[in-house]
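Each remark here refers to the structure printed beneath this line.
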Amino acid sequence: MMRTRDDGQVSDSHKYVEMVAGDRDLKLRGYEVFRFGHDELRDAESARTLLQEFLPALFQRFEVNGRAS
């Protein structure tokens with residue numbers, strides 16, 4: 001994935017370095033990060049479809065059932 005500046009015209013390696021360093025830090029702390037790209041969420045209908053597919057799978061993986069413990 002290439003991070004950019006100037007509306008996507010020029011790659012920005014500094015932003016990418018910050019992002020991957022943050023990702024490593026979160027993983028070392030035991031977190032899992034699920035990233036979405038800007039283009040995946042740009043269109044509301046496409047984003048809705050993506051999340052309607054992703055969230056149930058996420059809840060199933062982590063055994064989230066919506067019931068209070």
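Each chain of the structure tokens is named A, B, ... in the order shown, its residues numbered from 1; ligands are numbered from 1 in display order.
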Can you list every residue in segment 2-54 of chain A that DSSP puts in alpha helix (DSSP H), as a PDB file with all heavy atoms, in the first residue's frame?
ATOM      1  N   SER A  13       6.507   8.506   1.946  1.00  0.00           N
ATOM      2  CA  SER A  13       7.077   7.396   2.698  1.00  0.00           C
ATOM      3  C   SER A  13       7.082   7.661   4.197  1.00  0.00           C
ATOM      4  O   SER A  13       7.009   6.728   4.994  1.00  0.00           O
ATOM      5  CB  SER A  13       8.484   7.077   2.200  1.00  0.00           C
ATOM      6  OG  SER A  13       9.331   8.197   2.341  1.00  0.00           O
ATOM      7  N   HIS A  14       7.129   8.924   4.617  1.00  0.00           N
ATOM      8  CA  HIS A  14       7.105   9.234   6.056  1.00  0.00           C
ATOM      9  C   HIS A  14       5.779   8.792   6.685  1.00  0.00           C
ATOM     10  O   HIS A  14       5.767   8.201   7.761  1.00  0.00           O
ATOM     11  CB  HIS A  14       7.343  10.727   6.285  1.00  0.00           C
ATOM     12  CG  HIS A  14       7.370  11.104   7.733  1.00  0.00           C
ATOM     13  ND1 HIS A  14       8.409  10.755   8.569  1.00  0.00           N
ATOM     14  CD2 HIS A  14       6.490  11.777   8.488  1.00  0.00           C
ATOM     15  CE1 HIS A  14       8.148  11.195   9.784  1.00  0.00           C
ATOM     16  NE2 HIS A  14       6.994  11.827   9.758  1.00  0.00           N
ATOM     17  N   LYS A  15       4.684   9.065   6.005  1.00  0.00           N
ATOM     18  CA  LYS A  15       3.378   8.623   6.516  1.00  0.00           C
ATOM     19  C   LYS A  15       3.318   7.097   6.593  1.00  0.00           C
ATOM     20  O   LYS A  15       2.791   6.537   7.547  1.00  0.00           O
ATOM     21  CB  LYS A  15       2.235   9.138   5.635  1.00  0.00           C
ATOM     22  CG  LYS A  15       1.936  10.594   5.812  1.00  0.00           C
ATOM     23  CD  LYS A  15       0.740  10.985   4.964  1.00  0.00           C
ATOM     24  CE  LYS A  15       0.422  12.453   5.097  1.00  0.00           C
ATOM     25  NZ  LYS A  15      -0.738  12.826   4.290  1.00  0.00           N
ATOM     26  N   TYR A  16       3.847   6.435   5.585  1.00  0.00           N
ATOM     27  CA  TYR A  16       3.845   4.977   5.568  1.00  0.00           C
ATOM     28  C   TYR A  16       4.674   4.427   6.721  1.00  0.00           C
ATOM     29  O   TYR A  16       4.256   3.509   7.419  1.00  0.00           O
ATOM     30  CB  TYR A  16       4.371   4.456   4.233  1.00  0.00           C
ATOM     31  CG  TYR A  16       4.367   2.955   4.147  1.00  0.00           C
ATOM     32  CD1 TYR A  16       3.183   2.267   3.954  1.00  0.00           C
ATOM     33  CD2 TYR A  16       5.546   2.231   4.294  1.00  0.00           C
ATOM     34  CE1 TYR A  16       3.161   0.886   3.895  1.00  0.00           C
ATOM     35  CE2 TYR A  16       5.543   0.846   4.235  1.00  0.00           C
ATOM     36  CZ  TYR A  16       4.349   0.183   4.037  1.00  0.00           C
ATOM     37  OH  TYR A  16       4.338  -1.181   3.991  1.00  0.00           O
ATOM     38  N   VAL A  17       5.845   5.006   6.962  1.00  0.00           N
ATOM     39  CA  VAL A  17       6.709   4.579   8.069  1.00  0.00           C
ATOM     40  C   VAL A  17       5.975   4.726   9.400  1.00  0.00           C
ATOM     41  O   VAL A  17       6.006   3.826  10.247  1.00  0.00           O
ATOM     42  CB  VAL A  17       8.033   5.373   8.069  1.00  0.00           C
ATOM     43  CG1 VAL A  17       8.797   5.188   9.370  1.00  0.00           C
ATOM     44  CG2 VAL A  17       8.890   4.968   6.893  1.00  0.00           C
ATOM     45  N   GLU A  18       5.306   5.844   9.602  1.00  0.00           N
ATOM     46  CA  GLU A  18       4.539   6.050  10.844  1.00  0.00           C
ATOM     47  C   GLU A  18       3.450   4.994  10.989  1.00  0.00           C
ATOM     48  O   GLU A  18       3.226   4.465  12.075  1.00  0.00           O
ATOM     49  CB  GLU A  18       3.921   7.439  10.858  1.00  0.00           C
ATOM     50  CG  GLU A  18       4.910   8.560  11.052  1.00  0.00           C
ATOM     51  CD  GLU A  18       4.249   9.923  10.988  1.00  0.00           C
ATOM     52  OE1 GLU A  18       3.073  10.020  10.546  1.00  0.00           O
ATOM     53  OE2 GLU A  18       4.914  10.897  11.383  1.00  0.00           O
ATOM     54  N   MET A  19       2.754   4.698   9.894  1.00  0.00           N
ATOM     55  CA  MET A  19       1.658   3.739   9.935  1.00  0.00           C
ATOM     56  C   MET A  19       2.156   2.340  10.288  1.00  0.00           C
ATOM     57  O   MET A  19       1.596   1.677  11.156  1.00  0.00           O
ATOM     58  CB  MET A  19       0.927   3.700   8.597  1.00  0.00           C
ATOM     59  CG  MET A  19      -0.249   2.745   8.587  1.00  0.00           C
ATOM     60  SD  MET A  19      -0.966   2.540   6.956  1.00  0.00           S
ATOM     61  CE  MET A  19       0.311   1.618   6.130  1.00  0.00           C
ATOM     62  N   VAL A  20       3.210   1.886   9.637  1.00  0.00           N
ATOM     63  CA  VAL A  20       3.670   0.525   9.895  1.00  0.00           C
ATOM     64  C   VAL A  20       4.317   0.416  11.278  1.00  0.00           C
ATOM     65  O   VAL A  20       4.213  -0.624  11.924  1.00  0.00           O
ATOM     66  CB  VAL A  20       4.593  -0.033   8.784  1.00  0.00           C
ATOM     67  CG1 VAL A  20       3.839  -0.148   7.477  1.00  0.00           C
ATOM     68  CG2 VAL A  20       5.836   0.791   8.617  1.00  0.00           C
ATOM     69  N   ALA A  21       4.958   1.479  11.749  1.00  0.00           N
ATOM     70  CA  ALA A  21       5.516   1.467  13.101  1.00  0.00           C
ATOM     71  C   ALA A  21       4.390   1.365  14.126  1.00  0.00           C
ATOM     72  O   ALA A  21       4.485   0.606  15.101  1.00  0.00           O
ATOM     73  CB  ALA A  21       6.363   2.714  13.350  1.00  0.00           C
ATOM     74  N   GLY A  22       3.312   2.091  13.911  1.00  0.00           N
ATOM     75  CA  GLY A  22       2.155   2.005  14.796  1.00  0.00           C
ATOM     76  C   GLY A  22       1.526   0.626  14.769  1.00  0.00           C
ATOM     77  O   GLY A  22       1.109   0.102  15.799  1.00  0.00           O
ATOM     78  N   ASP A  23       1.468   0.033  13.592  1.00  0.00           N
ATOM     79  CA  ASP A  23       0.923  -1.318  13.450  1.00  0.00           C
ATOM     80  C   ASP A  23       1.763  -2.319  14.245  1.00  0.00           C
ATOM     81  O   ASP A  23       1.229  -3.150  14.971  1.00  0.00           O
ATOM     82  CB  ASP A  23       0.890  -1.704  11.969  1.00  0.00           C
ATOM     83  CG  ASP A  23       0.167  -3.004  11.734  1.00  0.00           C
ATOM     84  OD1 ASP A  23      -1.047  -3.077  12.016  1.00  0.00           O
ATOM     85  OD2 ASP A  23       0.821  -3.963  11.284  1.00  0.00           O
ATOM     86  N   ARG A  24       3.075  -2.226  14.124  1.00  0.00           N
ATOM     87  CA  ARG A  24       3.958  -3.130  14.886  1.00  0.00           C
ATOM     88  C   ARG A  24       3.762  -2.956  16.380  1.00  0.00           C
ATOM     89  O   ARG A  24       3.680  -3.922  17.131  1.00  0.00           O
ATOM     90  CB  ARG A  24       5.419  -2.869  14.531  1.00  0.00           C
ATOM     91  CG  ARG A  24       5.852  -3.410  13.212  1.00  0.00           C
ATOM     92  CD  ARG A  24       7.368  -3.395  13.077  1.00  0.00           C
ATOM     93  NE  ARG A  24       7.959  -2.094  13.355  1.00  0.00           N
ATOM     94  CZ  ARG A  24       8.177  -1.152  12.435  1.00  0.00           C
ATOM     95  NH1 ARG A  24       7.834  -1.357  11.182  1.00  0.00           N
ATOM     96  NH2 ARG A  24       8.736  -0.004  12.776  1.00  0.00           N
ATOM     97  N   ASP A  25       3.674  -1.703  16.815  1.00  0.00           N
ATOM     98  CA  ASP A  25       3.495  -1.423  18.242  1.00  0.00           C
ATOM     99  C   ASP A  25       2.199  -2.036  18.762  1.00  0.00           C
ATOM    100  O   ASP A  25       2.179  -2.659  19.826  1.00  0.00           O
ATOM    101  CB  ASP A  25       3.510   0.086  18.481  1.00  0.00           C
ATOM    102  CG  ASP A  25       3.410   0.443  19.946  1.00  0.00           C
ATOM    103  OD1 ASP A  25       4.227  -0.080  20.748  1.00  0.00           O
ATOM    104  OD2 ASP A  25       2.524   1.250  20.300  1.00  0.00           O
ATOM    105  N   LEU A  26       1.113  -1.870  18.022  1.00  0.00           N
ATOM    106  CA  LEU A  26      -0.162  -2.449  18.441  1.00  0.00           C
ATOM    107  C   LEU A  26      -0.081  -3.971  18.514  1.00  0.00           C
ATOM    108  O   LEU A  26      -0.585  -4.585  19.459  1.00  0.00           O
ATOM    109  CB  LEU A  26      -1.283  -2.029  17.489  1.00  0.00           C
ATOM    110  CG  LEU A  26      -1.732  -0.578  17.607  1.00  0.00           C
ATOM    111  CD1 LEU A  26      -2.652  -0.215  16.452  1.00  0.00           C
ATOM    112  CD2 LEU A  26      -2.407  -0.322  18.946  1.00  0.00           C
ATOM    113  N   LYS A  27       0.546  -4.587  17.533  1.00  0.00           N
ATOM    114  CA  LYS A  27       0.668  -6.050  17.529  1.00  0.00           C
ATOM    115  C   LYS A  27       1.497  -6.535  18.702  1.00  0.00           C
ATOM    116  O   LYS A  27       1.172  -7.553  19.325  1.00  0.00           O
ATOM    117  CB  LYS A  27       1.245  -6.534  16.204  1.00  0.00           C
ATOM    118  CG  LYS A  27       0.239  -6.420  15.075  1.00  0.00           C
ATOM    119  CD  LYS A  27       0.814  -6.872  13.759  1.00  0.00           C
ATOM    120  CE  LYS A  27      -0.254  -6.710  12.674  1.00  0.00           C
ATOM    121  NZ  LYS A  27       0.246  -7.039  11.355  1.00  0.00           N
ATOM    122  N   LEU A  28       2.573  -5.826  19.025  1.00  0.00           N
ATOM    123  CA  LEU A  28       3.385  -6.220  20.176  1.00  0.00           C
ATOM    124  C   LEU A  28       2.610  -6.102  21.484  1.00  0.00           C
ATOM    125  O   LEU A  28       2.891  -6.814  22.443  1.00  0.00           O
ATOM    126  CB  LEU A  28       4.659  -5.368  20.254  1.00  0.00           C
ATOM    127  CG  LEU A  28       5.728  -5.696  19.223  1.00  0.00           C
ATOM    128  CD1 LEU A  28       6.852  -4.662  19.281  1.00  0.00           C
ATOM    129  CD2 LEU A  28       6.287  -7.096  19.450  1.00  0.00           C
ATOM    130  N   HIS A  38      -9.265   3.863   2.110  1.00  0.00           N
ATOM    131  CA  HIS A  38     -10.145   4.995   1.816  1.00  0.00           C
ATOM    132  C   HIS A  38     -11.113   4.676   0.688  1.00  0.00           C
ATOM    133  O   HIS A  38     -12.307   4.953   0.778  1.00  0.00           O
ATOM    134  CB  HIS A  38      -9.277   6.209   1.460  1.00  0.00           C
ATOM    135  CG  HIS A  38     -10.047   7.379   0.992  1.00  0.00           C
ATOM    136  ND1 HIS A  38     -10.259   7.633  -0.350  1.00  0.00           N
ATOM    137  CD2 HIS A  38     -10.677   8.362   1.669  1.00  0.00           C
ATOM    138  CE1 HIS A  38     -10.983   8.726  -0.469  1.00  0.00           C
ATOM    139  NE2 HIS A  38     -11.244   9.189   0.739  1.00  0.00           N
ATOM    140  N   ASP A  39     -10.605   4.080  -0.368  1.00  0.00           N
ATOM    141  CA  ASP A  39     -11.458   3.795  -1.521  1.00  0.00           C
ATOM    142  C   ASP A  39     -12.544   2.769  -1.207  1.00  0.00           C
ATOM    143  O   ASP A  39     -13.593   2.763  -1.841  1.00  0.00           O
ATOM    144  CB  ASP A  39     -10.631   3.320  -2.711  1.00  0.00           C
ATOM    145  CG  ASP A  39      -9.834   4.459  -3.336  1.00  0.00           C
ATOM    146  OD1 ASP A  39     -10.121   5.637  -3.027  1.00  0.00           O
ATOM    147  OD2 ASP A  39      -8.918   4.170  -4.130  1.00  0.00           O
ATOM    148  N   GLU A  40     -12.289   1.888  -0.231  1.00  0.00           N
ATOM    149  CA  GLU A  40     -13.306   0.901   0.148  1.00  0.00           C
ATOM    150  C   GLU A  40     -14.506   1.567   0.812  1.00  0.00           C
ATOM    151  O   GLU A  40     -15.614   1.036   0.771  1.00  0.00           O
ATOM    152  CB  GLU A  40     -12.729  -0.104   1.144  1.00  0.00           C
ATOM    153  CG  GLU A  40     -11.711  -1.046   0.577  1.00  0.00           C
ATOM    154  CD  GLU A  40     -11.206  -1.994   1.637  1.00  0.00           C
ATOM    155  OE1 GLU A  40     -10.456  -1.540   2.525  1.00  0.00           O
ATOM    156  OE2 GLU A  40     -11.581  -3.187   1.580  1.00  0.00           O
ATOM    157  N   LEU A  41     -14.280   2.704   1.449  1.00  0.00           N
ATOM    158  CA  LEU A  41     -15.333   3.359   2.229  1.00  0.00           C
ATOM    159  C   LEU A  41     -15.845   4.643   1.595  1.00  0.00           C
ATOM    160  O   LEU A  41     -16.717   5.304   2.156  1.00  0.00           O
ATOM    161  CB  LEU A  41     -14.808   3.655   3.640  1.00  0.00           C
ATOM    162  CG  LEU A  41     -14.296   2.434   4.399  1.00  0.00           C
ATOM    163  CD1 LEU A  41     -13.654   2.850   5.701  1.00  0.00           C
ATOM    164  CD2 LEU A  41     -15.403   1.424   4.634  1.00  0.00           C
ATOM    165  N   ALA A  44     -20.934   5.236   0.000  1.00  0.00           N
ATOM    166  CA  ALA A  44     -21.723   4.777   1.148  1.00  0.00           C
ATOM    167  C   ALA A  44     -22.317   3.381   0.928  1.00  0.00           C
ATOM    168  O   ALA A  44     -22.294   2.548   1.841  1.00  0.00           O
ATOM    169  CB  ALA A  44     -22.828   5.780   1.463  1.00  0.00           C
ATOM    170  N   GLU A  45     -22.842   3.112  -0.237  1.00  0.00           N
ATOM    171  CA  GLU A  45     -23.473   1.810  -0.484  1.00  0.00           C
ATOM    172  C   GLU A  45     -22.432   0.691  -0.491  1.00  0.00           C
ATOM    173  O   GLU A  45     -22.648  -0.381   0.098  1.00  0.00           O
ATOM    174  CB  GLU A  45     -24.247   1.816  -1.802  1.00  0.00           C
ATOM    175  CG  GLU A  45     -25.091   0.584  -2.007  1.00  0.00           C
ATOM    176  CD  GLU A  45     -26.123   0.363  -0.898  1.00  0.00           C
ATOM    177  OE1 GLU A  45     -26.698   1.350  -0.406  1.00  0.00           O
ATOM    178  OE2 GLU A  45     -26.351  -0.809  -0.533  1.00  0.00           O
ATOM    179  N   SER A  46     -21.300   0.918  -1.117  1.00  0.00           N
ATOM    180  CA  SER A  46     -20.227  -0.084  -1.115  1.00  0.00           C
ATOM    181  C   SER A  46     -19.696  -0.312   0.296  1.00  0.00           C
ATOM    182  O   SER A  46     -19.419  -1.442   0.690  1.00  0.00           O
ATOM    183  CB  SER A  46     -19.084   0.343  -2.033  1.00  0.00           C
ATOM    184  OG  SER A  46     -19.517   0.408  -3.355  1.00  0.00           O
ATOM    185  N   ALA A  47     -19.545   0.773   1.044  1.00  0.00           N
ATOM    186  CA  ALA A  47     -19.076   0.659   2.429  1.00  0.00           C
ATOM    187  C   ALA A  47     -20.066  -0.139   3.264  1.00  0.00           C
ATOM    188  O   ALA A  47     -19.676  -0.990   4.073  1.00  0.00           O
ATOM    189  CB  ALA A  47     -18.863   2.045   3.031  1.00  0.00           C
ATOM    190  N   ARG A  48     -21.344   0.112   3.078  1.00  0.00           N
ATOM    191  CA  ARG A  48     -22.382  -0.614   3.820  1.00  0.00           C
ATOM    192  C   ARG A  48     -22.296  -2.113   3.528  1.00  0.00           C
ATOM    193  O   ARG A  48     -22.310  -2.939   4.437  1.00  0.00           O
ATOM    194  CB  ARG A  48     -23.767  -0.076   3.460  1.00  0.00           C
ATOM    195  CG  ARG A  48     -24.901  -0.745   4.221  1.00  0.00           C
ATOM    196  CD  ARG A  48     -26.256  -0.131   3.895  1.00  0.00           C
ATOM    197  NE  ARG A  48     -26.314   1.251   4.357  1.00  0.00           N
ATOM    198  CZ  ARG A  48     -26.321   2.319   3.558  1.00  0.00           C
ATOM    199  NH1 ARG A  48     -26.279   2.183   2.249  1.00  0.00           N
ATOM    200  NH2 ARG A  48     -26.380   3.530   4.057  1.00  0.00           N
ATOM    201  N   THR A  49     -22.151  -2.454   2.261  1.00  0.00           N
ATOM    202  CA  THR A  49     -22.041  -3.864   1.869  1.00  0.00           C
ATOM    203  C   THR A  49     -20.802  -4.501   2.489  1.00  0.00           C
ATOM    204  O   THR A  49     -20.865  -5.601   3.051  1.00  0.00           O
ATOM    205  CB  THR A  49     -21.995  -3.992   0.342  1.00  0.00           C
ATOM    206  OG1 THR A  49     -23.198  -3.432  -0.206  1.00  0.00           O
ATOM    207  CG2 THR A  49     -21.862  -5.434  -0.090  1.00  0.00           C
ATOM    208  N   LEU A  50     -19.679  -3.819   2.396  1.00  0.00           N
ATOM    209  CA  LEU A  50     -18.433  -4.321   2.967  1.00  0.00           C
ATOM    210  C   LEU A  50     -18.581  -4.586   4.461  1.00  0.00           C
ATOM    211  O   LEU A  50     -18.225  -5.655   4.959  1.00  0.00           O
ATOM    212  CB  LEU A  50     -17.305  -3.316   2.725  1.00  0.00           C
ATOM    213  CG  LEU A  50     -15.985  -3.590   3.429  1.00  0.00           C
ATOM    214  CD1 LEU A  50     -15.319  -4.832   2.869  1.00  0.00           C
ATOM    215  CD2 LEU A  50     -15.065  -2.392   3.307  1.00  0.00           C
ATOM    216  N   LEU A  51     -19.142  -3.623   5.182  1.00  0.00           N
ATOM    217  CA  LEU A  51     -19.281  -3.773   6.635  1.00  0.00           C
ATOM    218  C   LEU A  51     -20.330  -4.808   7.016  1.00  0.00           C
ATOM    219  O   LEU A  51     -20.177  -5.505   8.027  1.00  0.00           O
ATOM    220  CB  LEU A  51     -19.582  -2.419   7.276  1.00  0.00           C
ATOM    221  CG  LEU A  51     -18.436  -1.409   7.158  1.00  0.00           C
ATOM    222  CD1 LEU A  51     -18.871  -0.046   7.665  1.00  0.00           C
ATOM    223  CD2 LEU A  51     -17.202  -1.894   7.886  1.00  0.00           C
ATOM    224  N   GLN A  52     -21.365  -4.942   6.209  1.00  0.00           N
ATOM    225  CA  GLN A  52     -22.368  -5.977   6.478  1.00  0.00           C
ATOM    226  C   GLN A  52     -21.776  -7.371   6.318  1.00  0.00           C
ATOM    227  O   GLN A  52     -22.243  -8.315   6.948  1.00  0.00           O
ATOM    228  CB  GLN A  52     -23.580  -5.801   5.567  1.00  0.00           C
ATOM    229  CG  GLN A  52     -24.457  -4.642   5.972  1.00  0.00           C
ATOM    230  CD  GLN A  52     -25.569  -4.366   4.985  1.00  0.00           C
ATOM    231  OE1 GLN A  52     -25.508  -4.729   3.808  1.00  0.00           O
ATOM    232  NE2 GLN A  52     -26.599  -3.684   5.461  1.00  0.00           N
ATOM    233  N   GLU A  53     -20.777  -7.507   5.496  1.00  0.00           N
ATOM    234  CA  GLU A  53     -20.090  -8.794   5.349  1.00  0.00           C
ATOM    235  C   GLU A  53     -18.995  -8.972   6.397  1.00  0.00           C
ATOM    236  O   GLU A  53     -18.806 -10.057   6.939  1.00  0.00           O
ATOM    237  CB  GLU A  53     -19.482  -8.903   3.947  1.00  0.00           C
ATOM    238  CG  GLU A  53     -20.530  -8.967   2.855  1.00  0.00           C
ATOM    239  CD  GLU A  53     -19.927  -8.874   1.467  1.00  0.00           C
ATOM    240  OE1 GLU A  53     -18.690  -8.781   1.339  1.00  0.00           O
ATOM    241  OE2 GLU A  53     -20.707  -8.887   0.493  1.00  0.00           O
ATOM    242  N   PHE A  54     -18.264  -7.898   6.681  1.00  0.00           N
ATOM    243  CA  PHE A  54     -17.117  -7.980   7.579  1.00  0.00           C
ATOM    244  C   PHE A  54     -17.509  -8.134   9.047  1.00  0.00           C
ATOM    245  O   PHE A  54     -16.961  -8.975   9.762  1.00  0.00           O
ATOM    246  CB  PHE A  54     -16.231  -6.735   7.418  1.00  0.00           C
ATOM    247  CG  PHE A  54     -15.097  -6.697   8.393  1.00  0.00           C
ATOM    248  CD1 PHE A  54     -13.977  -7.484   8.205  1.00  0.00           C
ATOM    249  CD2 PHE A  54     -15.161  -5.890   9.521  1.00  0.00           C
ATOM    250  CE1 PHE A  54     -12.932  -7.465   9.116  1.00  0.00           C
ATOM    251  CE2 PHE A  54     -14.123  -5.862  10.436  1.00  0.00           C
ATOM    252  CZ  PHE A  54     -13.001  -6.656  10.232  1.00  0.00           C
TER     253      PHE A  54
END
### Message
Among chain A, which ones does DSSP assign to strand (DSSP E) (computed from the backbone)? Answer as a count of residues only.
### Response
4
### Gap from atom CA of Arg29 of chain A to atom CA of Ser11 of chain A - Å, one decimal
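Computing it gives 29.0 Å between the two atoms.
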